[in-house]
$ cat run.txt   # compact mmCIF, C-alpha atoms
# COMPACT_ATOMS: atom_id res chain seq x y z
CA MET B 1 -13.80 29.14 -13.21
CA ILE B 2 -10.83 31.48 -13.16
CA ALA B 3 -10.96 35.17 -12.29
CA ASP B 4 -7.40 36.39 -12.79
CA LEU B 5 -5.92 34.18 -15.49
CA SER B 6 -6.98 33.90 -19.09
CA PHE B 7 -7.81 30.50 -20.52
CA SER B 8 -4.70 30.57 -22.71
CA GLN B 9 -2.45 31.52 -19.79
CA CYS B 10 -3.74 28.63 -17.71
CA ASN B 11 -3.26 26.14 -20.47
CA ALA B 12 0.33 27.28 -20.90
CA LEU B 13 0.97 25.72 -17.49
CA SER B 14 1.91 22.10 -16.90
CA ALA B 15 1.54 19.84 -13.88
CA GLU B 16 5.29 20.15 -13.36
CA ASP B 17 4.99 23.96 -13.33
CA ILE B 18 2.43 23.75 -10.52
CA VAL B 19 4.68 21.47 -8.46
CA ARG B 20 7.64 23.82 -8.90
CA GLU B 21 5.52 26.77 -7.71
CA VAL B 22 4.17 25.02 -4.62
CA LYS B 23 6.69 25.89 -1.91
CA HIS B 24 4.68 25.29 1.25
CA LEU B 25 3.66 21.62 1.12
CA PRO B 26 5.48 19.44 3.67
CA SER B 27 7.94 16.96 2.19
CA ALA B 28 7.02 14.31 4.78
CA PRO B 29 5.91 11.76 2.14
CA LYS B 30 9.54 11.43 1.02
CA VAL B 31 10.08 9.16 4.03
CA LEU B 32 7.71 6.45 2.72
CA PRO B 33 9.79 5.04 -0.19
CA ARG B 34 12.87 4.82 2.06
CA LEU B 35 10.86 3.20 4.87
CA LYS B 36 9.50 0.62 2.46
CA GLN B 37 13.04 -0.21 1.35
CA LEU B 38 14.14 -0.70 4.95
CA LEU B 39 11.16 -2.91 5.80
CA SER B 40 11.68 -4.98 2.65
CA ASP B 41 15.33 -5.61 3.51
CA GLY B 42 15.69 -8.42 6.01
CA ASN B 43 19.09 -7.04 7.03
CA SER B 44 17.70 -3.67 8.15
CA ALA B 45 18.05 -2.91 11.83
CA MET B 46 15.31 -1.35 13.91
CA GLN B 47 17.70 1.53 14.64
CA GLU B 48 17.74 2.46 10.94
CA ILE B 49 13.95 2.80 11.05
CA VAL B 50 14.17 4.87 14.22
CA THR B 51 16.72 7.18 12.60
CA LEU B 52 14.46 7.66 9.58
CA VAL B 53 11.42 8.45 11.72
CA ARG B 54 13.43 10.99 13.71
CA LEU B 55 14.27 12.99 10.57
CA ASP B 56 10.84 14.63 10.57
CA PRO B 57 9.68 16.14 13.90
CA GLY B 58 6.02 15.94 12.92
CA ILE B 59 6.26 12.26 12.05
CA ALA B 60 8.22 11.50 15.21
CA ALA B 61 5.64 13.33 17.35
CA ARG B 62 2.72 11.50 15.73
CA VAL B 63 4.41 8.11 16.14
CA LEU B 64 4.97 8.90 19.83
CA GLN B 65 1.40 10.08 20.26
CA THR B 66 -0.14 7.01 18.70
CA ALA B 67 2.22 4.59 20.46
CA ASN B 68 0.92 6.07 23.72
CA SER B 69 -2.73 5.65 22.74
CA ALA B 70 -4.89 3.12 24.55
CA TYR B 71 -4.54 0.76 21.59
CA PHE B 72 -0.76 0.36 21.94
CA ARG B 73 -0.01 1.50 25.46
CA GLY B 74 0.77 -1.35 27.82
CA GLY B 75 0.46 0.50 31.10
CA THR B 76 3.69 2.47 30.77
CA ARG B 77 4.26 5.60 28.74
CA CYS B 78 7.04 5.64 26.15
CA THR B 79 8.94 8.90 25.85
CA THR B 80 11.36 8.25 22.97
CA VAL B 81 10.99 7.35 19.31
CA ASP B 82 13.07 4.22 19.96
CA GLU B 83 10.55 2.98 22.49
CA ALA B 84 7.60 3.92 20.27
CA VAL B 85 8.92 2.11 17.18
CA ASN B 86 9.79 -0.99 19.18
CA ARG B 87 6.36 -0.99 20.82
CA VAL B 88 4.54 -0.75 17.51
CA GLY B 89 6.83 -3.22 15.73
CA TYR B 90 7.71 -3.99 12.11
CA ASP B 91 4.24 -5.13 11.13
CA GLN B 92 2.51 -1.83 11.85
CA ILE B 93 5.20 0.85 11.67
CA TYR B 94 4.63 1.52 7.95
CA GLU B 95 0.95 2.28 8.45
CA LEU B 96 1.69 4.29 11.59
CA VAL B 97 4.21 6.48 9.74
CA SER B 98 1.71 6.77 6.89
CA TYR B 99 -0.85 8.17 9.34
CA ALA B 100 1.77 10.70 10.43
CA VAL B 101 2.36 11.68 6.80
CA ALA B 102 -1.37 12.01 6.24
CA SER B 103 -1.69 14.24 9.29
CA GLN B 104 0.80 16.70 7.77
CA VAL B 105 -0.30 16.64 4.13
CA LEU B 106 -3.87 15.40 3.92
CA ILE B 107 -5.66 17.06 6.83
CA ARG B 108 -6.63 20.40 5.38
CA PRO B 109 -9.63 21.90 3.62
CA LEU B 110 -9.55 22.03 -0.18
CA ASP B 111 -11.43 25.22 -0.94
CA ILE B 112 -11.28 24.89 -4.72
CA TYR B 113 -13.03 21.51 -4.47
CA GLY B 114 -15.41 22.32 -1.59
CA ILE B 115 -13.91 19.51 0.52
CA ASP B 116 -13.36 19.92 4.25
CA ALA B 117 -10.38 18.52 6.17
CA ASP B 118 -12.17 15.51 7.65
CA GLU B 119 -13.63 14.53 4.29
CA LEU B 120 -10.19 14.64 2.66
CA TRP B 121 -8.73 12.50 5.45
CA LYS B 122 -11.50 9.90 5.09
CA MET B 123 -11.10 9.86 1.30
CA SER B 124 -7.35 9.35 1.55
CA VAL B 125 -7.15 6.82 4.39
CA GLY B 126 -10.27 5.00 3.20
CA CYS B 127 -8.73 4.60 -0.25
CA ALA B 128 -5.46 3.43 1.35
CA PHE B 129 -7.22 0.69 3.30
CA ALA B 130 -9.23 -0.33 0.25
CA ALA B 131 -6.07 -0.54 -1.88
CA GLU B 132 -4.32 -2.60 0.79
CA ILE B 133 -7.22 -5.05 1.00
CA LEU B 134 -7.36 -5.30 -2.80
CA ALA B 135 -3.62 -5.98 -2.91
CA GLU B 136 -3.96 -8.77 -0.37
CA ARG B 137 -6.77 -10.29 -2.46
CA THR B 138 -4.95 -9.98 -5.81
CA GLY B 139 -1.36 -10.76 -4.81
CA GLN B 140 0.13 -7.29 -5.30
CA ASP B 141 2.50 -5.35 -3.06
CA ARG B 142 0.37 -4.19 -0.14
CA ASN B 143 2.68 -1.33 0.90
CA VAL B 144 2.81 0.09 -2.63
CA ALA B 145 -0.96 -0.24 -2.90
CA TYR B 146 -1.50 1.38 0.49
CA THR B 147 0.76 4.31 -0.41
CA ILE B 148 -0.83 5.09 -3.77
CA GLY B 149 -4.24 4.84 -2.15
CA LEU B 150 -3.21 7.23 0.60
CA LEU B 151 -1.70 9.77 -1.79
CA HIS B 152 -4.01 9.34 -4.80
CA CYS B 153 -5.52 12.82 -4.39
CA VAL B 154 -2.37 14.68 -3.37
CA GLY B 155 -2.62 16.51 -6.70
CA MET B 156 -5.78 18.16 -5.40
CA VAL B 157 -3.78 19.38 -2.40
CA ALA B 158 -1.10 20.83 -4.69
CA LEU B 159 -3.66 22.58 -6.91
CA ASP B 160 -5.50 24.01 -3.92
CA GLU B 161 -2.24 25.29 -2.42
CA TRP B 162 -1.19 26.83 -5.74
CA ALA B 163 -4.55 28.52 -6.28
CA THR B 164 -4.91 29.78 -2.71
CA ARG B 165 -1.38 31.12 -2.38
CA GLY B 166 -1.69 32.89 -5.72
CA GLY B 167 -5.14 34.35 -5.05
CA ARG B 168 -6.56 32.48 -8.02
CA LYS B 169 -10.33 32.11 -7.81
CA LEU B 170 -10.91 28.53 -8.95
CA PHE B 171 -13.63 26.02 -8.24
CA PHE B 172 -13.79 22.49 -9.60
CA ARG B 173 -17.10 20.71 -9.14
CA THR B 174 -16.93 16.95 -8.84
CA VAL B 175 -19.38 14.69 -10.65
CA GLY B 176 -18.43 11.71 -8.47
CA PHE B 177 -16.68 8.45 -9.25
CA PRO B 178 -15.14 7.72 -11.69
CA ARG B 179 -14.56 11.08 -13.43
CA GLU B 180 -14.72 13.33 -10.35
CA ALA B 181 -13.55 16.85 -11.34
CA ASN B 182 -11.06 15.86 -14.03
CA GLU B 183 -13.02 17.32 -16.96
CA ALA B 184 -13.31 20.71 -15.24
CA GLU B 185 -9.60 20.56 -14.35
CA ARG B 186 -8.60 19.74 -17.90
CA VAL B 187 -10.78 22.47 -19.42
CA THR B 188 -9.35 25.10 -17.06
CA LEU B 189 -5.74 23.97 -16.63
CA GLY B 190 -5.04 21.58 -19.47
CA PHE B 191 -4.27 18.70 -17.07
CA THR B 192 -5.85 16.93 -14.10
CA GLN B 193 -5.07 16.57 -10.43
CA ALA B 194 -3.88 13.03 -11.22
CA GLU B 195 -1.10 14.43 -13.40
CA ALA B 196 -0.22 17.03 -10.76
CA GLY B 197 -0.17 14.30 -8.12
CA ALA B 198 2.16 12.09 -10.15
CA ALA B 199 4.48 15.06 -10.76
CA LEU B 200 4.52 15.80 -7.02
CA LEU B 201 5.31 12.17 -6.16
CA LYS B 202 8.24 12.24 -8.59
CA HIS B 203 9.40 15.49 -6.96
CA TRP B 204 9.29 13.64 -3.63
CA ASP B 205 11.45 10.84 -5.11
CA PHE B 206 8.73 8.21 -5.31
CA PRO B 207 9.45 5.44 -7.83
CA GLN B 208 7.56 5.09 -11.09
CA THR B 209 5.72 2.07 -9.65
CA MET B 210 3.88 4.48 -7.33
CA ALA B 211 3.69 7.64 -9.44
CA ASP B 212 2.38 5.97 -12.59
CA PRO B 213 -0.82 4.44 -11.09
CA VAL B 214 -1.66 7.84 -9.58
CA ARG B 215 -1.11 9.44 -13.00
CA TRP B 216 -3.48 6.98 -14.69
CA GLN B 217 -6.14 6.68 -11.98
CA TYR B 218 -8.89 7.87 -14.34
CA ALA B 219 -7.85 5.65 -17.27
CA PRO B 220 -5.98 2.73 -15.65
CA ARG B 221 -5.76 0.49 -18.71
CA ALA B 222 -3.81 3.27 -20.48
CA SER B 223 -0.85 2.90 -18.12
CA ALA B 224 2.02 1.45 -20.11
CA GLY B 225 3.79 -0.52 -17.42
CA HIS B 226 1.66 -0.43 -14.28
CA SER B 227 -1.91 -0.94 -15.46
CA ARG B 228 -2.70 -3.65 -12.89
CA MET B 229 -1.84 -1.39 -9.97
CA ALA B 230 -3.64 1.50 -11.67
CA CYS B 231 -6.74 -0.71 -12.00
CA LEU B 232 -6.37 -1.59 -8.32
CA LEU B 233 -6.40 2.13 -7.46
CA TYR B 234 -9.47 2.60 -9.68
CA ALA B 235 -11.26 -0.14 -7.72
CA ALA B 236 -10.06 1.29 -4.39
CA LYS B 237 -11.51 4.66 -5.34
CA TRP B 238 -14.87 3.00 -5.95
CA ILE B 239 -14.71 1.39 -2.50
CA ARG B 240 -13.68 4.72 -0.95
CA SER B 241 -16.57 6.48 -2.70
CA ALA B 242 -19.01 3.78 -1.65
CA ILE B 243 -18.14 3.90 2.06
CA CYS B 244 -18.10 7.71 2.09
CA ALA B 245 -21.55 7.90 0.47
CA PRO B 246 -24.27 9.04 2.89
CA THR B 247 -26.60 6.15 1.95
CA ILE B 248 -26.41 2.86 0.04
CA GLU B 249 -28.60 4.42 -2.63
CA ALA B 250 -26.03 7.18 -3.11
CA ARG B 251 -23.21 4.76 -3.88
CA PRO B 252 -21.62 5.27 -7.31
CA PRO B 253 -22.16 2.77 -10.13
CA PHE B 254 -19.83 -0.21 -10.07
CA PRO B 255 -16.52 0.20 -11.93
CA GLU B 256 -16.55 -0.55 -15.62
CA PRO B 257 -16.00 -4.33 -16.09
CA VAL B 258 -13.15 -3.71 -18.55
CA GLN B 259 -11.24 -1.88 -15.82
CA MET B 260 -11.66 -4.82 -13.45
CA LEU B 261 -10.41 -7.50 -15.86
CA PRO B 262 -6.76 -7.36 -14.69
CA LEU B 263 -7.94 -7.89 -11.11
CA GLY B 264 -10.48 -10.62 -11.78
CA LEU B 265 -12.98 -9.09 -9.34
CA GLY B 266 -16.70 -8.53 -9.60
CA PRO B 267 -19.34 -6.51 -7.70
CA THR B 268 -19.81 -9.11 -4.93
CA ALA B 269 -16.12 -9.04 -4.01
CA LEU B 270 -16.06 -5.24 -4.08
CA ILE B 271 -19.04 -5.02 -1.72
CA GLU B 272 -17.35 -7.43 0.71
CA MET B 273 -14.15 -5.40 0.63
CA ALA B 274 -16.11 -2.16 1.09
CA GLU B 275 -17.49 -3.54 4.37
CA GLU B 276 -14.01 -4.52 5.55
CA THR B 277 -12.64 -1.11 4.57
CA ALA B 278 -15.40 0.70 6.44
CA ASN B 279 -14.61 -1.30 9.58
CA ARG B 280 -10.88 -0.54 9.35
CA LEU B 281 -11.55 3.15 8.76
CA ALA B 282 -13.82 3.36 11.79
CA ALA B 283 -11.24 1.59 13.96
CA VAL B 284 -8.32 3.82 12.95
CA SER B 285 -10.43 6.95 13.21
CA SER B 286 -11.07 6.04 16.83
CA LEU B 287 -7.38 5.17 17.32
CA LEU B 288 -6.14 8.54 16.07
CA ASP B 289 -8.62 10.56 18.14
CA VAL B 290 -6.75 9.95 21.38
CA SER B 291 -6.30 11.52 24.76
CA VAL B 292 -2.77 12.41 25.85
CA ASP B 293 -2.15 13.60 29.43
CA GLY B 294 -5.80 14.54 29.81
CA ALA B 295 -5.92 16.61 26.62
CA ASN B 296 -8.02 15.47 23.69
CA ILE B 297 -5.96 15.57 20.51
CA ASN B 298 -7.53 14.48 17.27
CA ARG B 299 -6.26 14.00 13.76
CA GLN B 300 -7.39 17.49 12.74
CA GLN B 301 -5.47 19.20 15.54
CA PHE B 302 -2.10 17.46 15.50
CA PRO B 303 0.46 18.32 14.41
CA ALA B 304 -0.45 21.99 14.22
CA GLN B 305 -0.15 23.22 10.67
CA SER B 306 -0.76 26.70 9.31
CA TRP B 307 -1.74 26.32 5.68
CA ARG B 308 -2.97 29.84 5.15
CA GLY B 309 -0.19 31.74 6.91
$ encode --input "run.txt" --output "C-alpha cells"
Amino acid sequence: MIADLSFSQCNALSAEDIVREVKHLPSAPKVLPRLKQLLSDGNSAMQEIVTLVRLDPGIAARVLQTANSAYFRGGTRCTTVDEAVNRVGYDQIYELVSYAVASQVLIRPLDIYGIDADELWKMSVGCAFAAEILAERTGQDRNVAYTIGLLHCVGMVALDEWATRGGRKLFFRTVGFPREANEAERVTLGFTQAEAGAALLKHWDFPQTMADPVRWQYAPRASAGHSRMACLLYAAKWIRSAICAPTIEARPPFPEPVQMLPLGLGPTALIEMAEETANRLAAVSSLLDVSVDGANINRQQFPAQSWRG
C-alpha cells in the first residue's frame, strides 16, 4: 500500500527513476566486474588485485578481517591488504571480496518487505552459493553465476532505501517462490524489484550478461540473450528458498519443468545441490562470525553502516 503517493503518480515512475533517486547505497559492487576481468586475465599481477581492493576502505577492512580469521590465519597476523590477498590467493579472493560487498550492501533490514538483516544476508549468499554450484554442474561461468545470485535481490534494497528515505509507507507481501512480491510491486509501482535491480547493476557498470538474468529472474525464458543464466538464477532461487524454509514441508514447489529445460536438471539434482548449498552457507556463516583481538565481530556489525541516518 502507499500512503502519500497516488496510484497514477507511482506508475509514472520507472525503475531507472528509482535508481537515480537512491543516493545513499554504497557503490562497492562496482569492484566485482573489474575484479572478474583481472582474475580472468592470466597476465594480471597480484598487485593489480591489491590496488583494486584498496579502493574501497570497507572492502579492504573486511578482506583483512577475514584473512585473519581462524580459517585463514596461519599463526601470524597480517596487517596489510597485500598480505591478506596473498594469504587468501587467487582461488578464493573473488568470493572473499564478494562477502565484503555483501556486508556493505546486503546486511540491512528491508522494512517494506518485512525482512530482517540476517534473513537478507542468508537469501543473498545462499542464492550465490546455489548459483555457483549450478554453474559448475551445467558448464556456465561460475563467477558470473555467483555474482547474479549474490545481487539478485538488490532491487529490493534500492526500493526499500527509496521508500524509507522518502517517508513513503509501502509494504510488499511475498507469496514465496517463484512469484515472491512481484505482483504487489507491479500493481503499486508499475515494475518489479527485478527491474530495479537490473537498472542498479547497469548504474554500477555491470555488463549485460549479469544485469539481464537479474531483470528476467521471474520469467527466465523471456530473456532474449541470456535465458540459460536467467534459468540458472531461477533454479538457484528455488534452492535458496528451500534451504531457508523452516521445515522440509515448508519448501516451495519445484521449479516449473519448462524453466529447467535449458539446464537439463530435475528435482533429484536440485535436492542434492540444496544440501551442498546449505553446508557451504553454514560454513561461511561461521567463518564470517569471527573474533578479532578478543572482540567478537559478526557479519551484522562490520563494517558499521548507518542506513537510517
$ atom_distance --input "run.txt" --atom1 "atom CA of Tyr218 of chain B" --atom2 "atom CA of Leu233 of chain B"
9.3 Å
$ atom_distance --input "run.txt" --atom1 "atom CA of Arg168 of chain B" --atom2 "atom CA of Glu195 of chain B"
19.6 Å
$ closest_residue --input "run.txt" --among "B:Leu25, B:Ala235, B:Ala60, B:Ala196" --to "Ala84 of chain B" --atoms "all atoms listed in the file"
B:Ala60
$ atom_distance --input "run.txt" --atom1 "atom CA of Leu150 of chain B" --atom2 "atom CA of Ser124 of chain B"
4.7 Å
$ residues_around --input "run.txt" --residues "Gln37 of chain B" --least-positions-apart "2" --cutoff "12 Å" --atoms "all atoms listed in the file" --output "ChimeraX atom specification"
/B:31-35,39-45,48-49,52,94,143-144,206-207
$ write_last_selection --input "run.txt" --atoms "C-alpha atoms" --output "mmCIF file, in the coordinates of the input"
data_model
loop_
_atom_site.group_PDB
_atom_site.id
_atom_site.type_symbol
_atom_site.label_atom_id
_atom_site.label_comp_id
_atom_site.auth_asym_id
_atom_site.auth_seq_id
_atom_site.Cartn_x
_atom_site.Cartn_y
_atom_site.Cartn_z
ATOM 1 C CA VAL B 31 10.080 9.160 4.030
ATOM 2 C CA LEU B 32 7.710 6.450 2.720
ATOM 3 C CA PRO B 33 9.790 5.040 -0.190
ATOM 4 C CA ARG B 34 12.870 4.820 2.060
ATOM 5 C CA LEU B 35 10.860 3.200 4.870
ATOM 6 C CA LEU B 39 11.160 -2.910 5.800
ATOM 7 C CA SER B 40 11.680 -4.980 2.650
ATOM 8 C CA ASP B 41 15.330 -5.610 3.510
ATOM 9 C CA GLY B 42 15.690 -8.420 6.010
ATOM 10 C CA ASN B 43 19.090 -7.040 7.030
ATOM 11 C CA SER B 44 17.700 -3.670 8.150
ATOM 12 C CA ALA B 45 18.050 -2.910 11.830
ATOM 13 C CA GLU B 48 17.740 2.460 10.940
ATOM 14 C CA ILE B 49 13.950 2.800 11.050
ATOM 15 C CA LEU B 52 14.460 7.660 9.580
ATOM 16 C CA TYR B 94 4.630 1.520 7.950
ATOM 17 C CA ASN B 143 2.680 -1.330 0.900
ATOM 18 C CA VAL B 144 2.810 0.090 -2.630
ATOM 19 C CA PHE B 206 8.730 8.210 -5.310
ATOM 20 C CA PRO B 207 9.450 5.440 -7.830
#
$ axis_aligned_box --input "run.txt" --around "segment 127-144 of chain B" --padding-each-side "8 Å" --output "lines of an AutoDock Vina configuration file"
center_x = -3.2
center_y = -3.1
center_z = -1.3
size_x = 28.0
size_y = 31.4
size_z = 25.1
$ residues_around --input "run.txt" --residues "segment 126-140 of chain B" --least-positions-apart "4" --cutoff "7 Å" --atoms "only C-alpha atoms" --output "PyMOL selection string"
chain B and resi 122+145-147+149-150+232-233+236-237+239-240+263+273+277+281
$ closest_residue --input "run.txt" --among "B:Ala283, B:Val85, B:Val63, B:Ala194" --to "Tyr234 of chain B" --atoms "all atoms listed in the file"
B:Ala194
$ residues_around --input "run.txt" --residues "Leu201 of chain B" --least-positions-apart "4" --cutoff "8 Å" --atoms "only C-alpha atoms" --output "ChimeraX atom specification"
/B:197,205-206,210-211
$ residues_around --input "run.txt" --residues "Thr209 of chain B" --least-positions-apart "4" --cutoff "9 Å" --atoms "only C-alpha atoms" --output "PDB file with C-alpha atoms, keeping the file's coordinate frame"
ATOM      1  CA  VAL B 144       2.810   0.090  -2.630  1.00  0.00           C
ATOM      2  CA  PRO B 213      -0.820   4.440 -11.090  1.00  0.00           C
ATOM      3  CA  GLY B 225       3.790  -0.520 -17.420  1.00  0.00           C
ATOM      4  CA  HIS B 226       1.660  -0.430 -14.280  1.00  0.00           C
ATOM      5  CA  MET B 229      -1.840  -1.390  -9.970  1.00  0.00           C
TER       6      MET B 229
END
$ residues_around --input "run.txt" --residues "Cys78 of chain B" --least-positions-apart "5" --cutoff "12 Å" --atoms "all atoms listed in the file" --output "JSON list (two decimals) with C-alpha atoms, in the coordinates of the input"
[["chain", "number", "residue", "atom", "x", "y", "z"],
["B", 61, "ALA", "CA", 5.64, 13.33, 17.35],
["B", 63, "VAL", "CA", 4.41, 8.11, 16.14],
["B", 64, "LEU", "CA", 4.97, 8.90, 19.83],
["B", 65, "GLN", "CA", 1.40, 10.08, 20.26],
["B", 66, "THR", "CA", -0.14, 7.01, 18.70],
["B", 67, "ALA", "CA", 2.22, 4.59, 20.46],
["B", 68, "ASN", "CA", 0.92, 6.07, 23.72],
["B", 69, "SER", "CA", -2.73, 5.65, 22.74],
["B", 72, "PHE", "CA", -0.76, 0.36, 21.94],
["B", 73, "ARG", "CA", -0.01, 1.50, 25.46],
["B", 83, "GLU", "CA", 10.55, 2.98, 22.49],
["B", 84, "ALA", "CA", 7.60, 3.92, 20.27],
["B", 85, "VAL", "CA", 8.92, 2.11, 17.18],
["B", 86, "ASN", "CA", 9.79, -0.99, 19.18],
["B", 87, "ARG", "CA", 6.36, -0.99, 20.82],
["B", 88, "VAL", "CA", 4.54, -0.75, 17.51],
["B", 292, "VAL", "CA", -2.77, 12.41, 25.85]]
$ closest_atom_pairs --input "run.txt" --of "segment 150-219 of chain B" --to "segment 246-254 of chain B" --cutoff "12 Å" --atoms "all atoms listed in the file" --output "Markdown table"
| residue | atom | partner | partner_atom | distance |
| --- | --- | --- | --- | --- |
| B:Val175 | CA | B:Pro252 | CA | 10.2 |
| B:Gly176 | CA | B:Pro252 | CA | 7.3 |
| B:Phe177 | CA | B:Pro252 | CA | 6.2 |
| B:Pro178 | CA | B:Pro252 | CA | 8.2 |
| B:Arg179 | CA | B:Pro252 | CA | 11.0 |
| B:Glu180 | CA | B:Pro252 | CA | 11.0 |
$ write_last_selection --input "run.txt" --atoms "C-alpha atoms" --output "short mmCIF file (atom, residue, chain, number, x, y, z; two decimals), in the coordinates of the input"
data_model
loop_
_atom_site.label_atom_id
_atom_site.label_comp_id
_atom_site.auth_asym_id
_atom_site.auth_seq_id
_atom_site.Cartn_x
_atom_site.Cartn_y
_atom_site.Cartn_z
CA VAL B 175 -19.38 14.69 -10.65
CA GLY B 176 -18.43 11.71 -8.47
CA PHE B 177 -16.68 8.45 -9.25
CA PRO B 178 -15.14 7.72 -11.69
CA ARG B 179 -14.56 11.08 -13.43
CA GLU B 180 -14.72 13.33 -10.35
#
$ closest_residue --input "run.txt" --among "B:Ala222, B:Thr268, B:Ile112, B:Val284" --to "Trp162 of chain B" --atoms "only C-alpha atoms"
B:Ile112
$ closest_residue --input "run.txt" --among "B:Gly155, B:Gly264, B:Gly58, B:Gly114" --to "Arg215 of chain B" --atoms "all atoms listed in the file"
B:Gly155
$ closest_residue --input "run.txt" --among "B:Arg108, B:Lys36, B:Arg77, B:Arg228" --to "Ile93 of chain B" --atoms "all atoms listed in the file"
B:Lys36
$ residues_near_point --input "run.txt" --point "(-11.2, 20.1, -17.4)" --cutoff "10 Å" --atoms "all atoms listed in the file" --output "PyMOL selection string"
chain B and resi 172+181-193
$ write_last_selection --input "run.txt" --atoms "C-alpha atoms" --output "PDB file, keeping the file's coordinate frame"
ATOM      1  CA  PHE B 172     -13.790  22.490  -9.600  1.00  0.00           C
ATOM      2  CA  ALA B 181     -13.550  16.850 -11.340  1.00  0.00           C
ATOM      3  CA  ASN B 182     -11.060  15.860 -14.030  1.00  0.00           C
ATOM      4  CA  GLU B 183     -13.020  17.320 -16.960  1.00  0.00           C
ATOM      5  CA  ALA B 184     -13.310  20.710 -15.240  1.00  0.00           C
ATOM      6  CA  GLU B 185      -9.600  20.560 -14.350  1.00  0.00           C
ATOM      7  CA  ARG B 186      -8.600  19.740 -17.900  1.00  0.00           C
ATOM      8  CA  VAL B 187     -10.780  22.470 -19.420  1.00  0.00           C
ATOM      9  CA  THR B 188      -9.350  25.100 -17.060  1.00  0.00           C
ATOM     10  CA  LEU B 189      -5.740  23.970 -16.630  1.00  0.00           C
ATOM     11  CA  GLY B 190      -5.040  21.580 -19.470  1.00  0.00           C
ATOM     12  CA  PHE B 191      -4.270  18.700 -17.070  1.00  0.00           C
ATOM     13  CA  THR B 192      -5.850  16.930 -14.100  1.00  0.00           C
ATOM     14  CA  GLN B 193      -5.070  16.570 -10.430  1.00  0.00           C
TER      15      GLN B 193
END
$ build_atoms --input "run.txt" --residues "segment 218-230 of chain B" --atoms "N, CA and C atoms" --output "PDB file, keeping the file's coordinate frame"
ATOM      1  N   TYR B 218      -7.620   7.708 -13.637  1.00  0.00           N
ATOM      2  CA  TYR B 218      -8.890   7.870 -14.340  1.00  0.00           C
ATOM      3  C   TYR B 218      -8.995   7.003 -15.590  1.00  0.00           C
ATOM      4  N   ALA B 219      -7.863   6.516 -16.079  1.00  0.00           N
ATOM      5  CA  ALA B 219      -7.850   5.650 -17.270  1.00  0.00           C
ATOM      6  C   ALA B 219      -6.797   4.569 -17.038  1.00  0.00           C
ATOM      7  N   PRO B 220      -7.034   3.655 -16.103  1.00  0.00           N
ATOM      8  CA  PRO B 220      -5.980   2.730 -15.650  1.00  0.00           C
ATOM      9  C   PRO B 220      -5.437   1.796 -16.723  1.00  0.00           C
ATOM     10  N   ARG B 221      -6.251   1.409 -17.682  1.00  0.00           N
ATOM     11  CA  ARG B 221      -5.760   0.490 -18.710  1.00  0.00           C
ATOM     12  C   ARG B 221      -4.782   1.174 -19.667  1.00  0.00           C
ATOM     13  N   ALA B 222      -4.712   2.517 -19.604  1.00  0.00           N
ATOM     14  CA  ALA B 222      -3.810   3.270 -20.480  1.00  0.00           C
ATOM     15  C   ALA B 222      -2.389   3.320 -19.948  1.00  0.00           C
ATOM     16  N   SER B 223      -2.192   2.894 -18.699  1.00  0.00           N
ATOM     17  CA  SER B 223      -0.850   2.900 -18.120  1.00  0.00           C
ATOM     18  C   SER B 223       0.015   1.871 -18.845  1.00  0.00           C
ATOM     19  N   ALA B 224       1.179   2.325 -19.299  1.00  0.00           N
ATOM     20  CA  ALA B 224       2.020   1.450 -20.110  1.00  0.00           C
ATOM     21  C   ALA B 224       2.596   0.278 -19.330  1.00  0.00           C
ATOM     22  N   GLY B 225       3.099   0.540 -18.130  1.00  0.00           N
ATOM     23  CA  GLY B 225       3.790  -0.520 -17.420  1.00  0.00           C
ATOM     24  C   GLY B 225       3.196  -0.916 -16.081  1.00  0.00           C
ATOM     25  N   HIS B 226       2.178  -0.172 -15.618  1.00  0.00           N
ATOM     26  CA  HIS B 226       1.660  -0.430 -14.280  1.00  0.00           C
ATOM     27  C   HIS B 226       0.130  -0.434 -14.274  1.00  0.00           C
ATOM     28  N   SER B 227      -0.456  -1.001 -15.321  1.00  0.00           N
ATOM     29  CA  SER B 227      -1.910  -0.940 -15.460  1.00  0.00           C
ATOM     30  C   SER B 227      -2.624  -1.749 -14.375  1.00  0.00           C
ATOM     31  N   ARG B 228      -2.016  -2.843 -13.907  1.00  0.00           N
ATOM     32  CA  ARG B 228      -2.700  -3.650 -12.890  1.00  0.00           C
ATOM     33  C   ARG B 228      -2.822  -2.876 -11.583  1.00  0.00           C
ATOM     34  N   MET B 229      -1.758  -2.187 -11.179  1.00  0.00           N
ATOM     35  CA  MET B 229      -1.840  -1.390  -9.970  1.00  0.00           C
ATOM     36  C   MET B 229      -2.741  -0.168 -10.174  1.00  0.00           C
ATOM     37  N   ALA B 230      -2.741   0.387 -11.381  1.00  0.00           N
ATOM     38  CA  ALA B 230      -3.640   1.500 -11.670  1.00  0.00           C
ATOM     39  C   ALA B 230      -5.100   1.051 -11.606  1.00  0.00           C
TER      40      ALA B 230
END
